[in-house]
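To be precise, the following lines are model_10.txt, and they hold compact mmCIF, N, CA and C atoms.
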```txt
# COMPACT_ATOMS: atom_id res chain seq x y z
N MET M 12 107.17 100.54 105.29
CA MET M 12 107.52 100.77 103.89
C MET M 12 108.40 102.01 103.78
N HIS M 13 108.05 103.05 104.54
CA HIS M 13 108.82 104.29 104.48
C HIS M 13 110.25 104.05 104.95
N SER M 14 110.43 103.21 106.00
CA SER M 14 111.78 102.98 106.51
C SER M 14 112.62 102.22 105.49
N ILE M 15 112.00 101.40 104.65
CA ILE M 15 112.75 100.71 103.59
C ILE M 15 113.31 101.74 102.62
N GLY M 16 112.48 102.72 102.24
CA GLY M 16 112.93 103.77 101.34
C GLY M 16 114.06 104.58 101.95
N VAL M 17 113.95 104.86 103.25
CA VAL M 17 115.00 105.61 103.93
C VAL M 17 116.29 104.80 103.96
N ARG M 18 116.16 103.49 104.19
CA ARG M 18 117.34 102.63 104.19
C ARG M 18 117.99 102.59 102.81
N ARG M 19 117.15 102.51 101.77
CA ARG M 19 117.69 102.51 100.41
C ARG M 19 118.40 103.82 100.11
N ALA M 20 117.79 104.91 100.55
CA ALA M 20 118.42 106.21 100.33
C ALA M 20 119.75 106.28 101.07
N GLY M 21 119.76 105.77 102.29
CA GLY M 21 121.00 105.74 103.06
C GLY M 21 122.06 104.89 102.38
N LEU M 22 121.63 103.76 101.83
CA LEU M 22 122.54 102.90 101.10
C LEU M 22 123.11 103.61 99.88
N ALA M 23 122.25 104.35 99.18
CA ALA M 23 122.73 105.09 98.01
C ALA M 23 123.75 106.13 98.41
N VAL M 24 123.49 106.83 99.51
CA VAL M 24 124.44 107.84 99.99
C VAL M 24 125.75 107.17 100.39
N LEU M 25 125.66 106.02 101.07
CA LEU M 25 126.86 105.29 101.46
C LEU M 25 127.63 104.85 100.22
N LEU M 26 126.91 104.32 99.22
CA LEU M 26 127.58 103.91 97.99
C LEU M 26 128.26 105.09 97.31
N LEU M 27 127.57 106.21 97.31
CA LEU M 27 128.16 107.41 96.71
C LEU M 27 129.40 107.84 97.49
N ALA M 28 129.32 107.76 98.79
CA ALA M 28 130.47 108.15 99.61
C ALA M 28 131.65 107.21 99.37
N LEU M 29 131.36 105.90 99.32
CA LEU M 29 132.42 104.94 99.06
C LEU M 29 132.99 105.13 97.66
N ALA M 30 132.12 105.37 96.71
CA ALA M 30 132.59 105.60 95.35
C ALA M 30 133.43 106.87 95.30
N GLY M 31 133.07 107.82 96.11
CA GLY M 31 133.78 109.09 96.14
C GLY M 31 135.18 108.97 96.70
N CYS M 32 135.45 107.89 97.42
CA CYS M 32 136.79 107.72 97.97
C CYS M 32 137.83 107.59 96.86
N GLY M 33 137.44 107.04 95.72
CA GLY M 33 138.37 106.85 94.63
C GLY M 33 138.34 107.99 93.63
N GLY M 34 137.49 108.96 93.79
CA GLY M 34 137.35 110.06 92.85
C GLY M 34 136.11 110.84 93.20
N ASP M 35 135.78 111.80 92.38
CA ASP M 35 134.58 112.56 92.75
C ASP M 35 133.32 111.78 92.38
N VAL M 36 132.24 112.03 93.10
CA VAL M 36 131.00 111.27 92.99
C VAL M 36 130.41 111.38 91.59
N ALA M 37 130.39 112.57 91.02
CA ALA M 37 129.80 112.75 89.70
C ALA M 37 130.51 111.89 88.66
N THR M 38 131.82 111.84 88.72
CA THR M 38 132.58 111.02 87.77
C THR M 38 132.27 109.55 87.99
N GLU M 39 132.19 109.13 89.24
CA GLU M 39 131.88 107.73 89.54
C GLU M 39 130.51 107.34 88.98
N ILE M 40 129.53 108.22 89.17
CA ILE M 40 128.18 107.91 88.67
C ILE M 40 128.17 107.86 87.15
N ARG M 41 128.89 108.77 86.50
CA ARG M 41 128.94 108.79 85.03
C ARG M 41 129.65 107.57 84.47
N THR M 42 130.70 107.11 85.14
CA THR M 42 131.56 106.08 84.56
C THR M 42 131.30 104.68 85.10
N ASN M 43 130.65 104.56 86.24
CA ASN M 43 130.43 103.27 86.87
C ASN M 43 128.96 102.88 86.67
N THR M 44 128.69 102.11 85.64
CA THR M 44 127.31 101.77 85.28
C THR M 44 126.56 101.06 86.41
N PRO M 45 127.13 100.03 87.05
CA PRO M 45 126.37 99.38 88.15
C PRO M 45 126.02 100.35 89.28
N LEU M 46 126.97 101.22 89.63
CA LEU M 46 126.69 102.21 90.68
C LEU M 46 125.59 103.15 90.23
N ARG M 47 125.68 103.65 88.98
CA ARG M 47 124.67 104.57 88.45
C ARG M 47 123.29 103.90 88.48
N GLU M 48 123.22 102.64 88.09
CA GLU M 48 121.93 101.92 88.10
C GLU M 48 121.37 101.81 89.51
N ARG M 49 122.22 101.53 90.49
CA ARG M 49 121.74 101.44 91.88
C ARG M 49 121.24 102.79 92.37
N VAL M 50 121.97 103.84 92.06
CA VAL M 50 121.56 105.19 92.49
C VAL M 50 120.23 105.55 91.83
N MET M 51 120.12 105.35 90.52
CA MET M 51 118.87 105.70 89.83
C MET M 51 117.71 104.85 90.33
N ALA M 52 117.95 103.58 90.63
CA ALA M 52 116.88 102.72 91.16
C ALA M 52 116.41 103.24 92.52
N THR M 53 117.33 103.76 93.30
CA THR M 53 116.96 104.31 94.61
C THR M 53 116.02 105.50 94.44
N PHE M 54 116.34 106.40 93.52
CA PHE M 54 115.47 107.55 93.28
C PHE M 54 114.15 107.10 92.68
N ALA M 55 114.17 106.12 91.79
CA ALA M 55 112.96 105.68 91.11
C ALA M 55 112.00 104.96 92.04
N THR M 56 112.49 104.41 93.14
CA THR M 56 111.64 103.64 94.03
C THR M 56 111.29 104.37 95.32
N ASN M 57 111.72 105.62 95.44
CA ASN M 57 111.45 106.39 96.66
C ASN M 57 110.78 107.69 96.25
N GLY M 58 109.49 107.81 96.57
CA GLY M 58 108.72 108.97 96.17
C GLY M 58 109.28 110.29 96.67
N VAL M 59 109.76 110.33 97.89
CA VAL M 59 110.29 111.56 98.46
C VAL M 59 111.56 111.97 97.71
N LEU M 60 112.46 111.02 97.50
CA LEU M 60 113.68 111.33 96.77
C LEU M 60 113.38 111.68 95.31
N ALA M 61 112.43 110.97 94.71
CA ALA M 61 112.07 111.24 93.32
C ALA M 61 111.53 112.67 93.18
N GLU M 62 110.71 113.09 94.14
CA GLU M 62 110.17 114.45 94.09
C GLU M 62 111.28 115.49 94.25
N GLN M 63 112.18 115.25 95.19
CA GLN M 63 113.29 116.19 95.39
C GLN M 63 114.18 116.25 94.14
N PHE M 64 114.44 115.10 93.55
CA PHE M 64 115.27 115.06 92.35
C PHE M 64 114.56 115.74 91.18
N SER M 65 113.27 115.51 91.05
CA SER M 65 112.49 116.15 89.99
C SER M 65 112.52 117.67 90.14
N GLN M 66 112.36 118.15 91.37
CA GLN M 66 112.40 119.59 91.60
C GLN M 66 113.74 120.18 91.19
N ARG M 67 114.81 119.45 91.46
CA ARG M 67 116.14 119.93 91.06
C ARG M 67 116.28 119.95 89.55
N MET M 68 115.78 118.91 88.90
CA MET M 68 115.89 118.87 87.44
C MET M 68 115.06 119.98 86.81
N LEU M 69 113.90 120.27 87.36
CA LEU M 69 113.03 121.30 86.81
C LEU M 69 113.53 122.71 87.10
N ALA M 70 114.44 122.85 88.04
CA ALA M 70 114.98 124.16 88.39
C ALA M 70 115.99 124.66 87.35
N SER M 71 116.50 123.78 86.53
CA SER M 71 117.49 124.14 85.51
C SER M 71 116.81 124.22 84.15
N ASP M 72 116.92 125.37 83.48
CA ASP M 72 116.26 125.54 82.18
C ASP M 72 116.64 124.45 81.18
N SER M 73 117.93 124.18 81.06
CA SER M 73 118.37 123.20 80.05
C SER M 73 117.92 121.79 80.41
N VAL M 74 118.00 121.42 81.67
CA VAL M 74 117.58 120.08 82.09
C VAL M 74 116.05 119.98 82.03
N ARG M 75 115.34 121.05 82.41
CA ARG M 75 113.88 121.05 82.34
C ARG M 75 113.42 120.73 80.93
N ALA M 76 114.06 121.33 79.94
CA ALA M 76 113.70 121.08 78.54
C ALA M 76 113.88 119.60 78.19
N ILE M 77 114.95 118.99 78.68
CA ILE M 77 115.19 117.57 78.42
C ILE M 77 114.10 116.73 79.09
N VAL M 78 113.76 117.05 80.33
CA VAL M 78 112.74 116.30 81.07
C VAL M 78 111.39 116.39 80.35
N VAL M 79 111.01 117.60 79.94
CA VAL M 79 109.72 117.79 79.26
C VAL M 79 109.70 117.03 77.94
N GLU M 80 110.77 117.15 77.16
CA GLU M 80 110.83 116.44 75.88
C GLU M 80 110.77 114.93 76.08
N THR M 81 111.45 114.44 77.10
CA THR M 81 111.43 113.00 77.40
C THR M 81 110.01 112.57 77.75
N MET M 82 109.32 113.35 78.57
CA MET M 82 107.95 113.02 78.95
C MET M 82 107.01 113.04 77.75
N LEU M 83 107.18 114.02 76.88
CA LEU M 83 106.29 114.14 75.73
C LEU M 83 106.56 113.07 74.67
N HIS M 84 107.76 112.51 74.65
CA HIS M 84 108.06 111.43 73.71
C HIS M 84 107.57 110.08 74.20
N ASP M 85 107.21 110.01 75.47
CA ASP M 85 106.66 108.78 76.05
C ASP M 85 105.14 108.91 76.06
N SER M 86 104.47 108.07 75.31
CA SER M 86 103.02 108.21 75.11
C SER M 86 102.24 108.23 76.42
N GLN M 87 102.53 107.31 77.32
CA GLN M 87 101.80 107.26 78.60
C GLN M 87 102.04 108.52 79.43
N SER M 88 103.27 108.98 79.47
CA SER M 88 103.58 110.19 80.24
C SER M 88 102.89 111.40 79.63
N ALA M 89 102.94 111.51 78.31
CA ALA M 89 102.30 112.64 77.63
C ALA M 89 100.80 112.64 77.90
N GLN M 90 100.17 111.47 77.81
CA GLN M 90 98.73 111.39 78.07
C GLN M 90 98.41 111.79 79.50
N HIS M 91 99.25 111.38 80.44
CA HIS M 91 99.02 111.73 81.85
C HIS M 91 99.13 113.25 82.05
N VAL M 92 100.16 113.85 81.47
CA VAL M 92 100.34 115.30 81.60
C VAL M 92 99.16 116.04 80.99
N LEU M 93 98.76 115.63 79.78
CA LEU M 93 97.65 116.30 79.11
C LEU M 93 96.34 116.12 79.85
N ALA M 94 96.12 114.96 80.43
CA ALA M 94 94.90 114.74 81.22
C ALA M 94 94.89 115.66 82.45
N ARG M 95 96.05 115.80 83.09
CA ARG M 95 96.14 116.70 84.25
C ARG M 95 95.88 118.14 83.83
N ILE M 96 96.41 118.55 82.68
CA ILE M 96 96.18 119.90 82.17
C ILE M 96 94.70 120.09 81.89
N GLY M 97 94.08 119.10 81.27
CA GLY M 97 92.67 119.18 80.91
C GLY M 97 91.73 119.34 82.09
N HIS M 98 92.17 118.91 83.27
CA HIS M 98 91.33 119.01 84.47
C HIS M 98 91.71 120.20 85.35
N ASN M 99 92.58 121.06 84.86
CA ASN M 99 93.03 122.21 85.63
C ASN M 99 92.72 123.47 84.83
N PRO M 100 91.68 124.23 85.22
CA PRO M 100 91.28 125.42 84.45
C PRO M 100 92.42 126.42 84.22
N ASP M 101 93.29 126.61 85.21
CA ASP M 101 94.41 127.54 85.02
C ASP M 101 95.37 127.03 83.95
N ALA M 102 95.60 125.72 83.94
CA ALA M 102 96.50 125.14 82.93
C ALA M 102 95.87 125.22 81.55
N VAL M 103 94.56 125.00 81.45
CA VAL M 103 93.87 125.12 80.16
C VAL M 103 93.99 126.55 79.65
N ASP M 104 93.79 127.52 80.54
CA ASP M 104 93.94 128.94 80.15
C ASP M 104 95.34 129.21 79.62
N LEU M 105 96.35 128.67 80.28
CA LEU M 105 97.73 128.88 79.84
C LEU M 105 97.96 128.27 78.45
N VAL M 106 97.42 127.08 78.23
CA VAL M 106 97.56 126.43 76.92
C VAL M 106 96.88 127.27 75.85
N LEU M 107 95.67 127.75 76.13
CA LEU M 107 94.96 128.57 75.14
C LEU M 107 95.68 129.89 74.87
N GLN M 108 96.20 130.52 75.92
CA GLN M 108 96.96 131.76 75.73
C GLN M 108 98.20 131.51 74.88
N THR M 109 98.87 130.40 75.14
CA THR M 109 100.07 130.07 74.37
C THR M 109 99.70 129.78 72.92
N ALA M 110 98.61 129.05 72.71
CA ALA M 110 98.18 128.72 71.35
C ALA M 110 97.78 129.97 70.58
N ALA M 111 97.22 130.95 71.27
CA ALA M 111 96.75 132.17 70.60
C ALA M 111 97.82 133.25 70.51
N ALA M 112 99.04 132.93 70.89
CA ALA M 112 100.09 133.94 70.94
C ALA M 112 100.55 134.42 69.57
N ASP M 113 100.33 133.64 68.53
CA ASP M 113 100.71 134.10 67.18
C ASP M 113 99.54 133.86 66.24
N SER M 114 99.60 134.44 65.06
CA SER M 114 98.47 134.39 64.14
C SER M 114 98.14 132.97 63.67
N ALA M 115 99.15 132.15 63.43
CA ALA M 115 98.89 130.77 63.00
C ALA M 115 98.20 129.99 64.12
N GLY M 116 98.66 130.20 65.35
CA GLY M 116 98.04 129.52 66.49
C GLY M 116 96.62 129.99 66.70
N ARG M 117 96.38 131.30 66.58
CA ARG M 117 95.01 131.83 66.73
C ARG M 117 94.09 131.25 65.68
N GLU M 118 94.57 131.20 64.44
CA GLU M 118 93.74 130.65 63.36
C GLU M 118 93.39 129.19 63.63
N HIS M 119 94.37 128.42 64.05
CA HIS M 119 94.11 127.01 64.36
C HIS M 119 93.13 126.88 65.52
N LEU M 120 93.33 127.67 66.55
CA LEU M 120 92.46 127.64 67.72
C LEU M 120 91.02 128.01 67.34
N MET M 121 90.85 129.03 66.51
CA MET M 121 89.51 129.44 66.08
C MET M 121 88.85 128.33 65.25
N THR M 122 89.61 127.66 64.41
CA THR M 122 89.08 126.55 63.62
C THR M 122 88.57 125.44 64.54
N LEU M 123 89.35 125.13 65.55
CA LEU M 123 88.94 124.10 66.51
C LEU M 123 87.67 124.51 67.25
N LEU M 124 87.63 125.76 67.71
CA LEU M 124 86.46 126.23 68.45
C LEU M 124 85.21 126.26 67.59
N LYS M 125 85.34 126.67 66.32
CA LYS M 125 84.20 126.66 65.41
C LYS M 125 83.71 125.24 65.18
N GLY M 126 84.65 124.31 65.04
CA GLY M 126 84.28 122.90 64.89
C GLY M 126 83.54 122.39 66.11
N MET M 127 83.97 122.79 67.28
CA MET M 127 83.29 122.39 68.51
C MET M 127 81.89 122.98 68.57
N GLN M 128 81.74 124.24 68.16
CA GLN M 128 80.41 124.88 68.13
C GLN M 128 79.48 124.13 67.20
N LEU M 129 79.94 123.81 66.01
CA LEU M 129 79.13 123.08 65.04
C LEU M 129 78.72 121.72 65.59
N ALA M 130 79.66 121.04 66.23
CA ALA M 130 79.37 119.73 66.80
C ALA M 130 78.33 119.84 67.91
N MET M 131 78.43 120.87 68.73
CA MET M 131 77.47 121.07 69.81
C MET M 131 76.07 121.37 69.24
N LYS M 132 76.00 122.19 68.20
CA LYS M 132 74.72 122.50 67.58
C LYS M 132 74.11 121.25 66.96
N ALA M 133 74.93 120.48 66.27
CA ALA M 133 74.44 119.25 65.64
C ALA M 133 73.97 118.25 66.71
N GLY M 134 74.65 118.21 67.82
CA GLY M 134 74.25 117.32 68.91
C GLY M 134 72.97 117.74 69.56
N GLY M 135 72.68 119.02 69.58
CA GLY M 135 71.48 119.54 70.20
C GLY M 135 70.23 119.32 69.36
N LYS M 136 70.39 119.03 68.06
CA LYS M 136 69.25 118.83 67.17
C LYS M 136 68.68 117.44 67.25
N ARG M 137 69.37 116.54 67.89
CA ARG M 137 68.92 115.14 67.95
C ARG M 137 67.74 114.95 68.83
```

Kindly transcribe the structure held in the file into structure tokens.
Amino acid sequence: MHSIGVRRAGLAVLLLALAGCGGDVATEIRTNTPLRERVMATFATNGVLAEQFSQRMLASDSVRAIVVETMLHDSQSAQHVLARIGHNPDAVDLVLQTAAADSAGREHLMTLLKGMQLAMKAGGKR
């Protein structure tokens, strides 16, 4: 299975090289829809390439913002990210610190925590 991914990656590189013969690769990918689709499919179906590409996208502030917004606008992706955060104590701490960074956030956070306390007390009386 891994060799299939490597072959696909090699094919994508070859396609990019061939496309580059007529102009620069970036322009070819932007303007040649079939080529762009093949290249994106290669990244989407190869975990190693997808991870490397993701790391590059996250390294750029402007692109990172686009990636995060895209993920949060997709319900399944947003749920997955939030579930991962919920199971990571350091990430939960970061979320709480961010929420408490201004007075409106602190007030909202305190309201939620008080509601949780009341619910826990009510649950304990049963």

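The gap separating atom C of Thr53 in chain M from atom N of Gln66 in chain M is 13.5 Å, in Å to one decimal.
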
Taken to one decimal, the CA of Gly97 in chain M-CA of Leu123 in chain M distance is 15.7 Å

State, in Å with one decimal place, the distance from atom C of Ser73 in chain M to atom C of Asn99 in chain M. 25.6 Å

Where does DSSP see helix (DSSP H, G or I) in range 54-116 of chain M, if you list the residues as a ChimeraX atom specification? /M:54-55,58-69,72-84,86-97,100-110,114-116

Coords for range 61-77 of chain M, N, CA, C and O atoms, as a PDB file, in the first residue's frame:
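Saved as selection_35.pdb:
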```
ATOM      1  N   ALA M  61       0.224  14.295   2.821  1.00  0.00           N
ATOM      2  CA  ALA M  61      -0.793  15.159   3.426  1.00  0.00           C
ATOM      3  C   ALA M  61      -0.247  15.819   4.691  1.00  0.00           C
ATOM      4  O   ALA M  61      -0.472  17.012   4.923  1.00  0.00           O
ATOM      5  N   GLU M  62       0.484  15.055   5.494  1.00  0.00           N
ATOM      6  CA  GLU M  62       1.059  15.620   6.715  1.00  0.00           C
ATOM      7  C   GLU M  62       2.100  16.693   6.384  1.00  0.00           C
ATOM      8  O   GLU M  62       2.104  17.774   6.981  1.00  0.00           O
ATOM      9  N   GLN M  63       2.957  16.407   5.416  1.00  0.00           N
ATOM     10  CA  GLN M  63       3.970  17.387   5.029  1.00  0.00           C
ATOM     11  C   GLN M  63       3.315  18.654   4.478  1.00  0.00           C
ATOM     12  O   GLN M  63       3.726  19.771   4.801  1.00  0.00           O
ATOM     13  N   PHE M  64       2.282  18.483   3.671  1.00  0.00           N
ATOM     14  CA  PHE M  64       1.586  19.634   3.103  1.00  0.00           C
ATOM     15  C   PHE M  64       0.867  20.422   4.197  1.00  0.00           C
ATOM     16  O   PHE M  64       0.899  21.657   4.206  1.00  0.00           O
ATOM     17  N   SER M  65       0.256  19.716   5.129  1.00  0.00           N
ATOM     18  CA  SER M  65      -0.424  20.381   6.248  1.00  0.00           C
ATOM     19  C   SER M  65       0.563  21.196   7.071  1.00  0.00           C
ATOM     20  O   SER M  65       0.267  22.323   7.468  1.00  0.00           O
ATOM     21  N   GLN M  66       1.730  20.627   7.344  1.00  0.00           N
ATOM     22  CA  GLN M  66       2.743  21.349   8.108  1.00  0.00           C
ATOM     23  C   GLN M  66       3.163  22.628   7.393  1.00  0.00           C
ATOM     24  O   GLN M  66       3.341  23.673   8.025  1.00  0.00           O
ATOM     25  N   ARG M  67       3.270  22.560   6.077  1.00  0.00           N
ATOM     26  CA  ARG M  67       3.633  23.765   5.314  1.00  0.00           C
ATOM     27  C   ARG M  67       2.528  24.800   5.376  1.00  0.00           C
ATOM     28  O   ARG M  67       2.786  25.990   5.497  1.00  0.00           O
ATOM     29  N   MET M  68       1.288  24.352   5.259  1.00  0.00           N
ATOM     30  CA  MET M  68       0.178  25.299   5.310  1.00  0.00           C
ATOM     31  C   MET M  68       0.080  25.944   6.689  1.00  0.00           C
ATOM     32  O   MET M  68      -0.204  27.129   6.809  1.00  0.00           O
ATOM     33  N   LEU M  69       0.322  25.182   7.734  1.00  0.00           N
ATOM     34  CA  LEU M  69       0.228  25.712   9.093  1.00  0.00           C
ATOM     35  C   LEU M  69       1.405  26.614   9.454  1.00  0.00           C
ATOM     36  O   LEU M  69       1.325  27.381  10.407  1.00  0.00           O
ATOM     37  N   ALA M  70       2.470  26.553   8.692  1.00  0.00           N
ATOM     38  CA  ALA M  70       3.645  27.377   8.964  1.00  0.00           C
ATOM     39  C   ALA M  70       3.440  28.835   8.538  1.00  0.00           C
ATOM     40  O   ALA M  70       4.163  29.719   8.979  1.00  0.00           O
ATOM     41  N   SER M  71       2.455  29.084   7.714  1.00  0.00           N
ATOM     42  CA  SER M  71       2.174  30.440   7.221  1.00  0.00           C
ATOM     43  C   SER M  71       0.972  31.008   7.970  1.00  0.00           C
ATOM     44  O   SER M  71      -0.099  30.405   7.971  1.00  0.00           O
ATOM     45  N   ASP M  72       1.149  32.168   8.609  1.00  0.00           N
ATOM     46  CA  ASP M  72       0.052  32.760   9.380  1.00  0.00           C
ATOM     47  C   ASP M  72      -1.217  32.941   8.563  1.00  0.00           C
ATOM     48  O   ASP M  72      -2.306  32.576   8.996  1.00  0.00           O
ATOM     49  N   SER M  73      -1.089  33.498   7.368  1.00  0.00           N
ATOM     50  CA  SER M  73      -2.282  33.779   6.565  1.00  0.00           C
ATOM     51  C   SER M  73      -2.950  32.490   6.084  1.00  0.00           C
ATOM     52  O   SER M  73      -4.181  32.383   6.092  1.00  0.00           O
ATOM     53  N   VAL M  74      -2.163  31.515   5.672  1.00  0.00           N
ATOM     54  CA  VAL M  74      -2.734  30.250   5.205  1.00  0.00           C
ATOM     55  C   VAL M  74      -3.291  29.461   6.392  1.00  0.00           C
ATOM     56  O   VAL M  74      -4.342  28.824   6.285  1.00  0.00           O
ATOM     57  N   ARG M  75      -2.598  29.502   7.546  1.00  0.00           N
ATOM     58  CA  ARG M  75      -3.086  28.817   8.744  1.00  0.00           C
ATOM     59  C   ARG M  75      -4.491  29.293   9.082  1.00  0.00           C
ATOM     60  O   ARG M  75      -5.376  28.495   9.395  1.00  0.00           O
ATOM     61  N   ALA M  76      -4.714  30.595   9.012  1.00  0.00           N
ATOM     62  CA  ALA M  76      -6.034  31.148   9.317  1.00  0.00           C
ATOM     63  C   ALA M  76      -7.090  30.585   8.365  1.00  0.00           C
ATOM     64  O   ALA M  76      -8.202  30.244   8.792  1.00  0.00           O
ATOM     65  N   ILE M  77      -6.754  30.448   7.094  1.00  0.00           N
ATOM     66  CA  ILE M  77      -7.687  29.892   6.119  1.00  0.00           C
ATOM     67  C   ILE M  77      -7.979  28.427   6.445  1.00  0.00           C
ATOM     68  O   ILE M  77      -9.132  27.984   6.402  1.00  0.00           O
TER      69      ILE M  77
END
```
